[in-house]
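The next block is my_file-v7.txt, given as compact mmCIF, C-alpha atoms.
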# COMPACT_ATOMS: atom_id res chain seq x y z
CA MET L 1 -18.37 -20.51 10.88
CA THR L 2 -15.53 -21.33 13.29
CA GLU L 3 -13.05 -19.11 15.08
CA THR L 4 -9.52 -19.81 13.88
CA SER L 5 -6.18 -19.38 15.61
CA ILE L 6 -3.44 -18.06 13.32
CA PRO L 7 0.17 -18.40 14.56
CA VAL L 8 1.94 -15.05 14.71
CA PRO L 9 5.73 -15.10 14.12
CA ALA L 10 8.09 -12.85 16.04
CA VAL L 11 8.79 -9.54 14.32
CA PRO L 12 12.17 -7.78 14.72
CA GLY L 13 12.46 -4.14 15.82
CA LYS L 14 10.57 -1.75 13.59
CA VAL L 15 12.16 0.93 11.43
CA HIS L 16 10.02 3.95 10.60
CA VAL L 17 8.50 3.71 7.10
CA PRO L 18 6.98 6.79 5.42
CA ILE L 19 3.37 6.02 4.53
CA ARG L 20 1.42 8.74 2.75
CA SER L 21 -2.22 9.23 1.91
CA LEU L 22 -2.90 8.98 -1.83
CA GLY L 23 -5.17 11.11 -3.97
CA PRO L 24 -6.57 10.97 -7.52
CA SER L 25 -3.21 12.05 -8.97
CA HIS L 26 -1.78 8.69 -7.85
CA ARG L 27 -4.41 6.62 -9.66
CA GLU L 28 -2.01 5.65 -12.47
CA ARG L 29 0.67 4.47 -10.04
CA ILE L 30 -1.92 2.51 -8.05
CA ALA L 31 -2.98 0.72 -11.23
CA LYS L 32 0.63 -0.07 -12.13
CA HIS L 33 1.30 -1.41 -8.65
CA LEU L 34 -1.67 -3.76 -8.76
CA MET L 35 -0.91 -4.92 -12.30
CA ASP L 36 2.68 -5.67 -11.25
CA LEU L 37 1.43 -8.18 -8.67
CA GLU L 38 2.14 -11.83 -9.37
CA PRO L 39 -0.94 -13.83 -10.51
CA ALA L 40 -1.10 -15.61 -7.14
CA ASP L 41 -0.95 -12.27 -5.30
CA ARG L 42 -3.72 -10.81 -7.45
CA TYR L 43 -5.82 -13.83 -6.53
CA LEU L 44 -5.21 -13.32 -2.82
CA ARG L 45 -5.78 -9.56 -2.98
CA PHE L 46 -9.07 -9.64 -4.89
CA GLY L 47 -10.31 -13.13 -4.11
CA TYR L 48 -10.26 -14.10 -7.78
CA ALA L 49 -7.81 -14.14 -10.72
CA ALA L 50 -8.16 -10.45 -11.56
CA GLY L 51 -7.05 -9.43 -15.06
CA ASP L 52 -5.67 -6.04 -16.06
CA GLU L 53 -9.07 -4.77 -17.21
CA GLN L 54 -10.71 -5.77 -13.93
CA ILE L 55 -7.93 -4.10 -11.97
CA GLN L 56 -8.30 -0.93 -14.04
CA ARG L 57 -12.05 -0.86 -13.33
CA TYR L 58 -11.30 -1.23 -9.61
CA VAL L 59 -8.80 1.65 -9.72
CA ASP L 60 -11.18 3.84 -11.71
CA SER L 61 -13.88 3.23 -9.10
CA LEU L 62 -11.75 4.33 -6.13
CA ASP L 63 -13.51 7.08 -4.19
CA PHE L 64 -10.77 9.24 -2.71
CA GLU L 65 -13.31 11.49 -1.00
CA ARG L 66 -14.98 8.68 0.93
CA ASP L 67 -12.19 6.13 1.39
CA GLU L 68 -8.56 6.36 2.40
CA ILE L 69 -5.76 4.90 0.29
CA PHE L 70 -2.21 4.64 1.63
CA GLY L 71 1.00 3.92 -0.23
CA ILE L 72 4.69 3.19 0.31
CA TYR L 73 7.11 4.36 -2.37
CA ASN L 74 10.73 3.38 -2.90
CA ARG L 75 13.50 5.73 -4.07
CA ASN L 76 12.49 5.29 -7.71
CA LEU L 77 8.94 6.44 -6.89
CA GLU L 78 7.67 2.92 -7.47
CA MET L 79 4.71 2.03 -5.29
CA ILE L 80 5.83 -1.15 -3.58
CA ALA L 81 2.89 -1.48 -1.19
CA MET L 82 -0.57 0.01 -0.82
CA ALA L 83 -3.67 -0.30 1.34
CA HIS L 84 -7.32 0.57 0.84
CA LEU L 85 -9.47 1.51 3.82
CA ALA L 86 -13.00 1.35 2.38
CA LYS L 87 -15.68 3.01 4.48
CA ASN L 88 -19.18 1.63 4.51
CA GLU L 89 -21.59 3.47 2.21
CA ASP L 90 -24.62 2.54 4.33
CA PRO L 91 -25.41 5.52 6.64
CA GLN L 92 -26.41 3.04 9.37
CA HIS L 93 -22.99 1.40 9.29
CA LYS L 94 -20.64 4.34 8.84
CA VAL L 95 -18.72 3.22 11.89
CA CYS L 96 -17.42 0.19 9.94
CA ALA L 97 -14.63 -0.03 7.36
CA GLU L 98 -12.89 -2.76 5.37
CA PHE L 99 -9.13 -3.10 4.95
CA GLY L 100 -7.27 -4.50 1.94
CA VAL L 101 -3.52 -4.54 1.26
CA SER L 102 -1.00 -5.59 -1.39
CA VAL L 103 2.80 -5.75 -1.41
CA LEU L 104 5.04 -6.43 -4.40
CA LYS L 105 6.94 -9.72 -4.21
CA LYS L 106 10.34 -7.99 -4.14
CA ALA L 107 9.30 -5.89 -1.13
CA ARG L 108 8.09 -8.70 1.10
CA GLY L 109 9.57 -9.63 4.44
CA LYS L 110 9.92 -6.01 5.60
CA GLY L 111 6.65 -5.71 7.46
CA TYR L 112 5.05 -3.28 5.01
CA GLY L 113 1.65 -4.97 5.22
CA SER L 114 1.65 -4.70 8.99
CA ARG L 115 2.75 -1.04 8.87
CA LEU L 116 -0.04 -0.20 6.46
CA PHE L 117 -2.55 -1.93 8.70
CA ASP L 118 -1.36 0.06 11.72
CA ARG L 119 -1.63 3.27 9.71
CA ALA L 120 -5.15 2.39 8.59
CA VAL L 121 -6.21 1.57 12.15
CA MET L 122 -4.90 4.91 13.39
CA HIS L 123 -6.81 6.76 10.67
CA ALA L 124 -9.98 4.76 11.34
CA ARG L 125 -9.62 5.54 15.03
CA ASN L 126 -9.34 9.27 14.41
CA GLU L 127 -12.31 9.15 12.00
CA GLY L 128 -14.59 7.65 14.62
CA ILE L 129 -14.74 4.18 13.04
CA ASP L 130 -15.53 1.51 15.65
CA LEU L 131 -15.05 -1.70 13.71
CA LEU L 132 -12.47 -2.68 11.11
CA PHE L 133 -12.88 -5.91 9.22
CA ILE L 134 -10.95 -7.93 6.67
CA HIS L 135 -12.51 -10.36 4.24
CA ALA L 136 -9.86 -12.69 2.86
CA LEU L 137 -9.33 -16.13 1.45
CA SER L 138 -8.45 -18.57 4.23
CA GLU L 139 -5.22 -19.38 2.40
CA ASN L 140 -4.12 -15.74 2.73
CA THR L 141 -2.36 -16.47 6.00
CA ALA L 142 -0.08 -13.42 5.75
CA MET L 143 -3.07 -11.07 5.81
CA LEU L 144 -4.76 -12.97 8.60
CA ARG L 145 -1.58 -12.93 10.70
CA ILE L 146 -1.50 -9.14 10.44
CA ALA L 147 -5.04 -8.97 11.77
CA VAL L 148 -4.39 -11.43 14.59
CA LYS L 149 -1.25 -9.59 15.64
CA ALA L 150 -3.34 -6.44 16.01
CA GLY L 151 -5.83 -8.27 18.23
CA ALA L 152 -8.53 -9.09 15.68
CA LYS L 153 -10.77 -12.13 15.96
CA VAL L 154 -10.73 -14.40 12.93
CA GLN L 155 -13.67 -16.56 11.87
CA ARG L 156 -13.24 -19.11 9.12
CA ASP L 157 -16.01 -20.33 6.83
CA GLY L 158 -14.50 -22.86 4.45
CA SER L 159 -12.31 -21.18 1.84
CA GLU L 160 -13.01 -17.69 3.19
CA SER L 161 -12.24 -15.96 6.47
CA GLU L 162 -13.25 -12.74 8.15
CA ALA L 163 -11.33 -10.82 10.78
CA TYR L 164 -12.89 -8.22 13.06
CA LEU L 165 -10.98 -5.62 15.04
CA THR L 166 -12.62 -3.31 17.56
CA VAL L 167 -11.00 0.11 17.09
CA PRO L 168 -10.25 2.13 20.23
CA GLN L 169 -11.46 5.70 20.58
CA ALA L 170 -9.28 8.54 19.34
CA THR L 171 -7.06 10.47 21.72
CA LEU L 172 -5.12 13.70 21.39
CA ASP L 173 -1.97 11.62 20.99
CA SER L 174 -3.45 9.51 18.14
CA ARG L 175 -4.59 12.64 16.29
CA ILE L 176 -1.24 14.41 16.63
CA THR L 177 0.65 11.23 15.67
CA GLU L 178 -1.34 10.89 12.44
CA ILE L 179 -0.73 14.54 11.52
CA VAL L 180 3.01 14.22 12.16
CA GLU L 181 3.31 10.93 10.25
CA GLU L 182 1.45 12.35 7.25
CA GLN L 183 3.63 15.47 7.17
CA PHE L 184 6.76 13.30 7.39
CA ALA L 185 5.53 11.07 4.55
CA GLN L 186 4.67 14.07 2.36
CA ALA L 187 8.12 15.58 2.93
CA ASP L 188 9.79 12.22 2.21
CA TYR L 189 7.85 11.90 -1.05
CA ARG L 190 8.86 15.40 -2.19
CA LEU L 191 12.50 14.60 -1.49
CA LYS L 192 12.24 11.39 -3.50
CA VAL L 193 10.70 13.30 -6.40
CA GLN L 194 13.51 15.88 -6.33
CA ALA L 195 16.18 13.18 -6.06
CA LYS L 196 14.74 11.25 -9.00
CA GLN L 197 14.55 14.40 -11.13
CA PHE L 198 18.18 15.19 -10.31
CA TRP L 199 19.44 11.70 -11.18
CA ASP L 200 17.37 11.60 -14.36
CA PHE L 201 18.89 14.93 -15.39
CA LEU L 202 22.41 13.76 -14.51
CA PHE L 203 22.08 10.50 -16.44
CA GLY L 204 20.66 12.40 -19.41
CA LEU L 205 23.60 14.79 -19.33
CA GLN L 206 26.07 11.91 -19.17
CA ASP L 207 24.39 10.25 -22.16
CA LEU L 208 24.61 13.52 -24.10
CA ARG L 209 28.31 13.92 -23.33
CA ARG L 210 28.99 10.30 -24.23
CA GLY L 211 27.18 10.75 -27.54
CA VAL L 212 29.15 13.90 -28.38
CA GLY L 213 32.40 12.18 -27.45
CA GLN L 214 31.63 9.33 -29.81
CA GLY L 215 30.87 11.72 -32.65
CA LEU L 216 27.13 11.08 -32.69
CA PRO L 217 24.74 13.80 -33.81
CA ALA L 218 23.35 16.07 -31.07
CA GLY L 219 20.40 14.45 -29.34
CA VAL L 220 21.41 10.92 -30.38
CA THR L 221 23.10 8.70 -27.80
CA GLU L 222 24.39 5.17 -27.84
CA ARG L 223 23.81 2.95 -24.85
CA ARG L 224 25.62 -0.30 -24.30
CA GLU L 225 24.58 -3.07 -22.00
CA VAL L 226 27.09 -4.13 -19.40
CA MET L 227 27.10 -7.87 -19.09

The structure given in the file should be rewritten as structure tokens.
Amino acid sequence: MTETSIPVPAVPGKVHVPIRSLGPSHRERIAKHLMDLEPADRYLRFGYAAGDEQIQRYVDSLDFERDEIFGIYNRNLEMIAMAHLAKNEDPQHKVCAEFGVSVLKKARGKGYGSRLFDRAVMHARNEGIDLLFIHALSENTAMLRIAVKAGAKVQRDGSESEAYLTVPQATLDSRITEIVEEQFAQADYRLKVQAKQFWDFLFGLQDLRRGVGQGLPAGVTERREVM
């Protein structure tokens, strides 16, 4: 196994992105997010060409009590990026955790993977986890760059690579920062839910009025595609 140097490109100034912790109620959206990944992205995320059934089994097996799952939603409440911080089940290695991340193709280039990694590191730090590692295919350079940027050491063994990051101890500032960021993300999510409900209601009302105006029976609307 050899230590590998991964070039890290310059990243422009960061804009705050709401990242919230996910619970069992988000399981369906997590499954949809993973199934929406391109075949090549599924391969990089899971290390094999995962089919829908395999993804569903993975989602069903998520332990929200033990692990931590983070997500980024857009305005339409579509999960565009998510991360899984899996804690070690072995009592002798509880200070270790593994990180995995996925980002939809249309949401790339905005640093979401890096933001999710930073969020996971902060949570691991506050949970007393000492070592964070990433097991990835060597061709998954985007994931490995995220790890290297954070200061992780990468070792390559043929087609697979492992990155190890020593997590600093928690401080009062790191604990308060995580609480504030989670509260901000929860509030942002609630606002997105309310906004989507409002727009859905408004569009429904417009469809109803359009149907009445065209002499259609109540409850029946006619939609036309705009080319």

Selected residue, from L:Tyr73, L:Phe117, L:Tyr48, L:Tyr58, that lies nearest to L:Lys192 when counting all atoms listed in the file: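 Of L:Tyr73, L:Phe117, L:Tyr48, L:Tyr58, the one nearest L:Lys192 is L:Tyr73, counting all atoms listed in the file.
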
Of the listed residues L:Leu104, L:Met122, L:Leu131, L:Leu144, that which approaches L:Asn88 most closely, counting all atoms listed in the file: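 Checking each of L:Leu104, L:Met122, L:Leu131, L:Leu144 against L:Asn88, counting all atoms listed in the file, the winner is L:Leu131.
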
Pairwise distance for atom CA of L:Ala163 and atom CA of L:Leu137, rounded to one decimal in Å: 10.9 Å

Residue list as an NGL selection string for point (-9.1, -9.1, 8.2), cut-off 12 Å, all atoms listed in the file: :L and (6 or 45 or 85 or 97-101 or 113-114 or 117 or 121 or 131-138 or 140-156 or 160-166)

Computed interatomic separation between atom CA of L:Ala107 and atom CA of L:Arg125 (Å):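 One can read the atom CA of L:Ala107 to atom CA of L:Arg125 distance as 27.4 Å.
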
Nearest to L:Asp63, chosen from L:Leu37, L:Tyr189, L:Glu28, L:Leu22, with all atoms listed in the file counted in the distances: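 Looking only at the distances to L:Asp63, the closest residue turns out to be L:Leu22.
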
Å distance separating atom CA of L:Lys106 from atom CA of L:Arg75, one decimal place: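 Interatomic distance, atom CA of L:Lys106 to atom CA of L:Arg75: 14.1 Å.
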
Contacts of L:Gln169 within 12 Å, all atoms listed in the file, excl. fewer than 3 positions in-chain, as a list in words: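 The contact residues come out as Val95, Val121, Met122, His123, Ala124, Arg125, Asn126, Glu127, Gly128, Ile129, Asp130, Leu131, Thr166, Leu172, Asp173, Ser174 and Arg175 of chain L.
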
Given the selection you just returned, output its residues as a file containing C-alpha atoms, formatted as a PDB file, keeping the file's coordinate frame.
ATOM      1  CA  VAL L  95     -18.720   3.220  11.890  1.00  0.00           C
ATOM      2  CA  VAL L 121      -6.210   1.570  12.150  1.00  0.00           C
ATOM      3  CA  MET L 122      -4.900   4.910  13.390  1.00  0.00           C
ATOM      4  CA  HIS L 123      -6.810   6.760  10.670  1.00  0.00           C
ATOM      5  CA  ALA L 124      -9.980   4.760  11.340  1.00  0.00           C
ATOM      6  CA  ARG L 125      -9.620   5.540  15.030  1.00  0.00           C
ATOM      7  CA  ASN L 126      -9.340   9.270  14.410  1.00  0.00           C
ATOM      8  CA  GLU L 127     -12.310   9.150  12.000  1.00  0.00           C
ATOM      9  CA  GLY L 128     -14.590   7.650  14.620  1.00  0.00           C
ATOM     10  CA  ILE L 129     -14.740   4.180  13.040  1.00  0.00           C
ATOM     11  CA  ASP L 130     -15.530   1.510  15.650  1.00  0.00           C
ATOM     12  CA  LEU L 131     -15.050  -1.700  13.710  1.00  0.00           C
ATOM     13  CA  THR L 166     -12.620  -3.310  17.560  1.00  0.00           C
ATOM     14  CA  LEU L 172      -5.120  13.700  21.390  1.00  0.00           C
ATOM     15  CA  ASP L 173      -1.970  11.620  20.990  1.00  0.00           C
ATOM     16  CA  SER L 174      -3.450   9.510  18.140  1.00  0.00           C
ATOM     17  CA  ARG L 175      -4.590  12.640  16.290  1.00  0.00           C
TER      18      ARG L 175
END

For L:His84, the nearest of the candidates L:Ile72, L:Cys96, L:Ala50, L:Ala120, counting all atoms listed in the file: L:Ala120

Test item: residues at most 9 Å from L:Gly71, only C-alpha atoms, excluding those fewer than 6 positions along its chain, as a PyMOL selection string: chain L and resi 18-22+30+79-83+116

Nearest candidate to L:Val103 (options L:Val193, L:Ala170, L:Leu44, L:Ile179; using all atoms listed in the file):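 For L:Val103, the nearest of the given residues is L:Leu44.
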
Name the residues, using the chain letters and numbers of the file, that sit within 10 Å of (12.1, 9.0, -7.0) when counting all atoms listed in the file, and give them as a compact mmCIF listing (two decimals) with C-alpha atoms, in the frame of the given file.
# COMPACT_ATOMS: atom_id res chain seq x y z
CA TYR L 73 7.11 4.36 -2.37
CA ASN L 74 10.73 3.38 -2.90
CA ARG L 75 13.50 5.73 -4.07
CA ASN L 76 12.49 5.29 -7.71
CA LEU L 77 8.94 6.44 -6.89
CA GLU L 78 7.67 2.92 -7.47
CA TYR L 189 7.85 11.90 -1.05
CA ARG L 190 8.86 15.40 -2.19
CA LEU L 191 12.50 14.60 -1.49
CA LYS L 192 12.24 11.39 -3.50
CA VAL L 193 10.70 13.30 -6.40
CA GLN L 194 13.51 15.88 -6.33
CA ALA L 195 16.18 13.18 -6.06
CA LYS L 196 14.74 11.25 -9.00
CA GLN L 197 14.55 14.40 -11.13
CA PHE L 198 18.18 15.19 -10.31
CA TRP L 199 19.44 11.70 -11.18
CA ASP L 200 17.37 11.60 -14.36

Expected axis-aligned box over every listed atom of stretch 59-62 of chain L, 8 Å added per side, centre plus edges in Å to one decimal, as JSON:
{"center_x": -11.3, "center_y": 3.0, "center_z": -8.9, "size_x": 21.1, "size_y": 18.7, "size_z": 21.6}
